[in-house]
Amino acid sequence: MTSPPQSEVTRPRSYLGQTEVVALVVLAVLLGGRWLVPLLDHPSLATWSTIFVAIVIQSTPFLVIGVILSAVISALLSEKVLDRVVPKNPALGVPVAGVAGIGLPGCECAAVPIAGSLIRRGIAPAVALTFLLAAPAINPAVMVSTAVAFPGQPSMVVARFAASLLTAVLVGWWVLSRGARLPITKRLEAFGEDMSKREKFVETVRHDFLHAAGFLVIGAILAAGINTFVPRSIVETVAGQAVLGVLTLALFAFLVALCSESDAFVAASFTAFSDTAKLVFLVVGPAMDVKLAAMEAGTFGGPFARQFVPVVVATAILSAVGVGWWLL
C-alpha cells in the first residue's frame, strides 16, 4: 500500500508565537483593567516604577552609544586588524589581545562570532578567546558608563578595568595551557560576511540594540524589584556577609545577562552591597552569563563550554575580589 504524498499528510503546525503572546497580554490588561488600576496606586509599585525608569533612562544613552560604535567598527574594520597586530607567539598574543579589546566596543553577543571567525582564520584559540572576554568589558563606552553610574568613585572604574583585563588574560593563558585537551568546534559563520558595509552597520545596530535592550529591561525590572519588594532585613543580611554578598551578585550577573554598556547603573542601585560585591557583578556579567554560555556552546561545542564556562566564572570572581580588596 502506497503512502499518501507528503503534502497530503502534512498539517500546518500551530504554535503560540510572539504576536499571539503580545495579543493575549494586551487582552488580559484590557479585561483586567478594573482590578489593575487600584494596584497601580500602591506606594510600593510607585517606588518600583521610579527605580525602574531611573535605571532605564540613565543607561539607555550609553547602550545606544555602545551599539553605534560597535556597528561602525564592525562595518569599517574587521578581525583582520587584530590578526595584524597580535604577535604570532600565543603567550605574548594573549595579553595583547586583551588590551586590543579597548578599541573594539560592542555587545558580548557580537564578540562570540568574531572570536569564532578569528579561530577559523588561524588565530590561536587562546588569543581569540582572550579578545572575546576583554572587548565587551574594558572598552571606552563601558568605562564611561561606569564612571557616570559611580560618580566620585574613579577607583571603581580602575578596578573594573583591571579585574576584567586580568580575567581575560588569565583565562587566555589557561586555554593556552590546555592545548588540544580543550575541544573547540569551528562551525559558525562570521556575522555579516556576505553583507555590504552599509547592510552590516544597519544589521549590527538592529541586532545589538534589540537584543541588549531586552536584557536591560529585564535586569532593570529585577533590580528595581529587589530594591523595592525584598524585605530590607533580608537584603542587609545577605549584603552584610562578605562571601554571601559576592556570590549573590555573581549569580545575579550570570542569570540576568545585562549588556556591559548599561550594567553599571544596575550595580549602583544595589546600595546595601559592598563595592567589592558590586565589582564582582560588573566583572562576571560581561565575561560569562547564561546567554553567552549558550552561544559559546553553540559556537564552539558543548564539551568546550562545559570546561570553559566554570573556569571563566571562577576566574572573574577571584579577580574581582582580589582587585576589589586592593583598590576598593
# chains A, B, ... in the order shown; residues from 1 in each chain; ligands from 1
>>> residues_around(residues="A:Gly225", least_positions_apart="3", cutoff="9 Å", atoms="only C-alpha atoms", output="list in words")
Trp48, Ile51, Phe52, Ala220, Ile221, Leu222, Thr228, Phe229 and Val230 of chain A
>>> select_by_dssp(residues="stretch 138-202 of chain A", states="alpha helix (DSSP H)", output="PyMOL selection string")
chain A and resi 138+140-149+154-178+197-202
>>> write_last_selection(atoms="N, CA and C atoms", output="CSV table (one decimal), in the first residue's frame")
chain,number,residue,atom,x,y,z
A,138,ILE,N,36.1,46.1,28.7
A,138,ILE,CA,37.1,47.2,29.0
A,138,ILE,C,37.1,48.3,28.0
A,140,PRO,N,35.9,51.8,25.9
A,140,PRO,CA,35.7,53.1,26.4
A,140,PRO,C,34.2,53.4,26.8
A,141,ALA,N,33.2,52.8,26.0
A,141,ALA,CA,31.8,53.0,26.3
A,141,ALA,C,31.5,52.4,27.7
A,142,VAL,N,32.0,51.3,28.0
A,142,VAL,CA,31.8,50.7,29.3
A,142,VAL,C,32.4,51.5,30.4
A,143,MET,N,33.6,51.9,30.2
A,143,MET,CA,34.3,52.7,31.3
A,143,MET,C,33.6,54.0,31.5
A,144,VAL,N,33.1,54.7,30.5
A,144,VAL,CA,32.4,55.9,30.7
A,144,VAL,C,31.1,55.7,31.4
A,145,SER,N,30.4,54.7,31.0
A,145,SER,CA,29.1,54.4,31.7
A,145,SER,C,29.3,54.1,33.2
A,146,THR,N,30.4,53.4,33.5
A,146,THR,CA,30.7,53.0,34.9
A,146,THR,C,31.1,54.3,35.7
A,147,ALA,N,31.8,55.2,35.0
A,147,ALA,CA,32.1,56.5,35.7
A,147,ALA,C,30.9,57.3,36.0
A,148,VAL,N,29.9,57.3,35.1
A,148,VAL,CA,28.7,58.0,35.3
A,148,VAL,C,27.8,57.4,36.4
A,149,ALA,N,27.8,56.1,36.4
A,149,ALA,CA,27.0,55.3,37.4
A,149,ALA,C,27.6,55.4,38.8
A,154,PRO,N,36.3,57.1,41.0
A,154,PRO,CA,37.2,56.7,39.9
A,154,PRO,C,37.8,55.3,40.2
A,155,SER,N,38.0,55.0,41.5
A,155,SER,CA,38.6,53.7,41.8
A,155,SER,C,37.7,52.5,41.3
A,156,MET,N,36.4,52.7,41.2
A,156,MET,CA,35.5,51.7,40.7
A,156,MET,C,35.8,51.4,39.2
A,157,VAL,N,36.0,52.5,38.5
A,157,VAL,CA,36.4,52.4,37.0
A,157,VAL,C,37.7,51.7,36.8
A,158,VAL,N,38.7,52.1,37.6
A,158,VAL,CA,40.0,51.5,37.5
A,158,VAL,C,39.9,50.0,37.9
A,159,ALA,N,39.2,49.7,39.0
A,159,ALA,CA,39.1,48.4,39.5
A,159,ALA,C,38.4,47.5,38.4
A,160,ARG,N,37.3,48.0,37.8
A,160,ARG,CA,36.6,47.2,36.8
A,160,ARG,C,37.5,46.9,35.6
A,161,PHE,N,38.3,47.9,35.2
A,161,PHE,CA,39.2,47.7,34.0
A,161,PHE,C,40.2,46.7,34.4
A,162,ALA,N,40.9,46.8,35.6
A,162,ALA,CA,41.9,45.9,35.9
A,162,ALA,C,41.4,44.5,36.1
A,163,ALA,N,40.3,44.3,36.8
A,163,ALA,CA,39.8,43.0,37.1
A,163,ALA,C,39.3,42.3,35.8
A,164,SER,N,38.7,43.0,34.9
A,164,SER,CA,38.2,42.4,33.7
A,164,SER,C,39.4,42.0,32.8
A,165,LEU,N,40.4,42.9,32.7
A,165,LEU,CA,41.5,42.6,31.8
A,165,LEU,C,42.3,41.4,32.4
A,166,LEU,N,42.4,41.4,33.8
A,166,LEU,CA,43.1,40.3,34.4
A,166,LEU,C,42.4,39.0,34.2
A,167,THR,N,41.0,39.0,34.2
A,167,THR,CA,40.2,37.8,34.0
A,167,THR,C,40.5,37.3,32.6
A,168,ALA,N,40.4,38.2,31.6
A,168,ALA,CA,40.6,37.8,30.2
A,168,ALA,C,42.0,37.2,30.0
A,169,VAL,N,43.0,37.8,30.5
A,169,VAL,CA,44.4,37.3,30.3
A,169,VAL,C,44.6,36.0,31.0
A,170,LEU,N,44.2,35.8,32.2
A,170,LEU,CA,44.3,34.6,33.0
A,170,LEU,C,43.6,33.4,32.3
A,171,VAL,N,42.4,33.7,31.8
A,171,VAL,CA,41.7,32.6,31.1
A,171,VAL,C,42.4,32.3,29.8
A,172,GLY,N,42.9,33.3,29.1
A,172,GLY,CA,43.6,33.1,27.9
A,172,GLY,C,44.8,32.2,28.1
A,173,TRP,N,45.6,32.4,29.1
A,173,TRP,CA,46.7,31.6,29.4
A,173,TRP,C,46.3,30.2,29.8
A,174,TRP,N,45.1,30.1,30.5
A,174,TRP,CA,44.6,28.8,30.8
A,174,TRP,C,44.3,28.0,29.6
A,175,VAL,N,43.6,28.6,28.7
A,175,VAL,CA,43.3,28.0,27.4
A,175,VAL,C,44.5,27.5,26.7
A,176,LEU,N,45.5,28.4,26.7
A,176,LEU,CA,46.8,28.0,26.0
A,176,LEU,C,47.4,26.8,26.7
A,177,SER,N,47.3,26.7,28.0
A,177,SER,CA,47.9,25.6,28.7
A,177,SER,C,47.2,24.3,28.5
A,178,ARG,N,45.9,24.4,28.2
A,178,ARG,CA,45.1,23.2,27.9
A,178,ARG,C,45.4,22.6,26.6
A,197,LYS,N,29.0,47.0,3.6
A,197,LYS,CA,29.3,47.7,4.9
A,197,LYS,C,28.1,48.4,5.4
A,198,ARG,N,27.2,48.9,4.5
A,198,ARG,CA,26.0,49.6,5.0
A,198,ARG,C,25.1,48.6,5.6
A,199,GLU,N,24.9,47.4,4.9
A,199,GLU,CA,24.0,46.4,5.5
A,199,GLU,C,24.5,45.9,6.8
A,200,LYS,N,25.8,45.7,6.9
A,200,LYS,CA,26.4,45.2,8.1
A,200,LYS,C,26.2,46.2,9.3
A,201,PHE,N,26.3,47.5,9.0
A,201,PHE,CA,26.1,48.5,10.0
A,201,PHE,C,24.7,48.5,10.5
A,202,VAL,N,23.7,48.5,9.6
A,202,VAL,CA,22.3,48.5,10.0
A,202,VAL,C,21.9,47.3,10.7
>>> closest_residue(among="A:Val235, A:Ile68, A:Ala305, A:Val283", to="A:Gly324", atoms="only C-alpha atoms")
A:Val283
>>> closest_residue(among="A:Ala135, A:Val85, A:Ile102, A:Ala293", to="A:Ile123", atoms="only C-alpha atoms")
A:Val85
>>> decode(residues="stretch 111-140 of chain A", atoms="N, CA, C and O atoms", output="compact mmCIF listing (two decimals), in the first residue's frame")
# COMPACT_ATOMS: atom_id res chain seq x y z
N ALA A 111 30.86 39.63 20.15
CA ALA A 111 32.23 39.15 20.34
C ALA A 111 32.34 37.66 20.09
O ALA A 111 33.41 37.17 19.70
N VAL A 112 31.27 36.90 20.31
CA VAL A 112 31.33 35.44 20.14
C VAL A 112 31.57 35.06 18.68
O VAL A 112 32.52 34.32 18.39
N PRO A 113 30.77 35.53 17.72
CA PRO A 113 31.06 35.17 16.33
C PRO A 113 32.39 35.74 15.83
O PRO A 113 33.04 35.13 14.98
N ILE A 114 32.80 36.90 16.33
CA ILE A 114 34.11 37.45 15.94
C ILE A 114 35.21 36.51 16.40
O ILE A 114 36.16 36.22 15.65
N ALA A 115 35.12 36.02 17.64
CA ALA A 115 36.13 35.08 18.14
C ALA A 115 36.13 33.80 17.31
O ALA A 115 37.19 33.25 17.00
N GLY A 116 34.93 33.32 16.94
CA GLY A 116 34.86 32.14 16.10
C GLY A 116 35.51 32.35 14.75
O GLY A 116 36.21 31.48 14.23
N SER A 117 35.30 33.54 14.18
CA SER A 117 35.91 33.86 12.89
C SER A 117 37.43 33.95 13.01
O SER A 117 38.17 33.51 12.12
N LEU A 118 37.92 34.53 14.10
CA LEU A 118 39.36 34.62 14.32
C LEU A 118 40.00 33.23 14.37
O LEU A 118 41.06 32.99 13.78
N ILE A 119 39.36 32.30 15.06
CA ILE A 119 39.90 30.94 15.16
C ILE A 119 39.92 30.28 13.80
O ILE A 119 40.88 29.61 13.43
N ARG A 120 38.85 30.48 13.01
CA ARG A 120 38.81 29.89 11.67
C ARG A 120 39.89 30.47 10.77
O ARG A 120 40.36 29.81 9.84
N ARG A 121 40.28 31.72 11.03
CA ARG A 121 41.30 32.36 10.20
C ARG A 121 42.72 32.00 10.65
O ARG A 121 43.67 32.52 10.10
N GLY A 122 42.84 31.16 11.66
CA GLY A 122 44.16 30.71 12.07
C GLY A 122 44.71 31.34 13.33
O GLY A 122 45.81 30.99 13.76
N ILE A 123 43.97 32.29 13.94
CA ILE A 123 44.41 32.86 15.20
C ILE A 123 44.33 31.80 16.28
O ILE A 123 43.39 31.02 16.33
N ALA A 124 45.32 31.76 17.17
CA ALA A 124 45.32 30.79 18.26
C ALA A 124 44.06 30.93 19.10
O ALA A 124 43.66 32.06 19.43
N PRO A 125 43.40 29.83 19.46
CA PRO A 125 42.17 29.93 20.27
C PRO A 125 42.36 30.73 21.55
O PRO A 125 41.45 31.47 21.95
N ALA A 126 43.51 30.59 22.19
CA ALA A 126 43.74 31.34 23.43
C ALA A 126 43.68 32.84 23.18
O ALA A 126 43.13 33.60 23.99
N VAL A 127 44.23 33.29 22.07
CA VAL A 127 44.23 34.72 21.72
C VAL A 127 42.82 35.18 21.39
O VAL A 127 42.35 36.23 21.87
N ALA A 128 42.10 34.41 20.58
CA ALA A 128 40.74 34.79 20.18
C ALA A 128 39.81 34.83 21.40
O ALA A 128 38.97 35.74 21.52
N LEU A 129 39.95 33.88 22.30
CA LEU A 129 39.06 33.84 23.46
C LEU A 129 39.41 34.93 24.47
O LEU A 129 38.54 35.41 25.19
N THR A 130 40.67 35.32 24.53
CA THR A 130 41.04 36.47 25.37
C THR A 130 40.36 37.73 24.86
O THR A 130 39.81 38.52 25.64
N PHE A 131 40.39 37.91 23.56
CA PHE A 131 39.70 39.05 22.96
C PHE A 131 38.20 38.98 23.23
O PHE A 131 37.56 40.00 23.53
N LEU A 132 37.61 37.78 23.14
CA LEU A 132 36.20 37.58 23.41
C LEU A 132 35.82 38.07 24.81
O LEU A 132 34.77 38.69 25.01
N LEU A 133 36.68 37.81 25.79
CA LEU A 133 36.40 38.21 27.16
C LEU A 133 36.68 39.68 27.42
O LEU A 133 36.00 40.32 28.23
N ALA A 134 37.70 40.24 26.75
CA ALA A 134 38.13 41.60 27.06
C ALA A 134 37.29 42.66 26.36
O ALA A 134 36.94 43.68 26.97
N ALA A 135 36.97 42.46 25.09
CA ALA A 135 36.34 43.51 24.29
C ALA A 135 35.05 44.07 24.90
O ALA A 135 34.87 45.29 24.95
N PRO A 136 34.12 43.23 25.39
CA PRO A 136 32.88 43.81 25.94
C PRO A 136 33.05 44.42 27.32
O PRO A 136 32.13 45.07 27.81
N ALA A 137 34.21 44.22 27.96
CA ALA A 137 34.36 44.58 29.36
C ALA A 137 35.21 45.81 29.61
O ALA A 137 35.02 46.50 30.63
N ILE A 138 36.14 46.13 28.71
CA ILE A 138 37.10 47.21 29.01
C ILE A 138 37.10 48.31 27.96
O ILE A 138 37.97 49.18 27.97
N ASN A 139 36.13 48.31 27.06
CA ASN A 139 36.13 49.34 26.02
C ASN A 139 35.69 50.68 26.59
O ASN A 139 35.11 50.75 27.68
N PRO A 140 35.94 51.79 25.89
CA PRO A 140 35.65 53.13 26.43
C PRO A 140 34.20 53.36 26.80
O PRO A 140 33.91 54.03 27.80
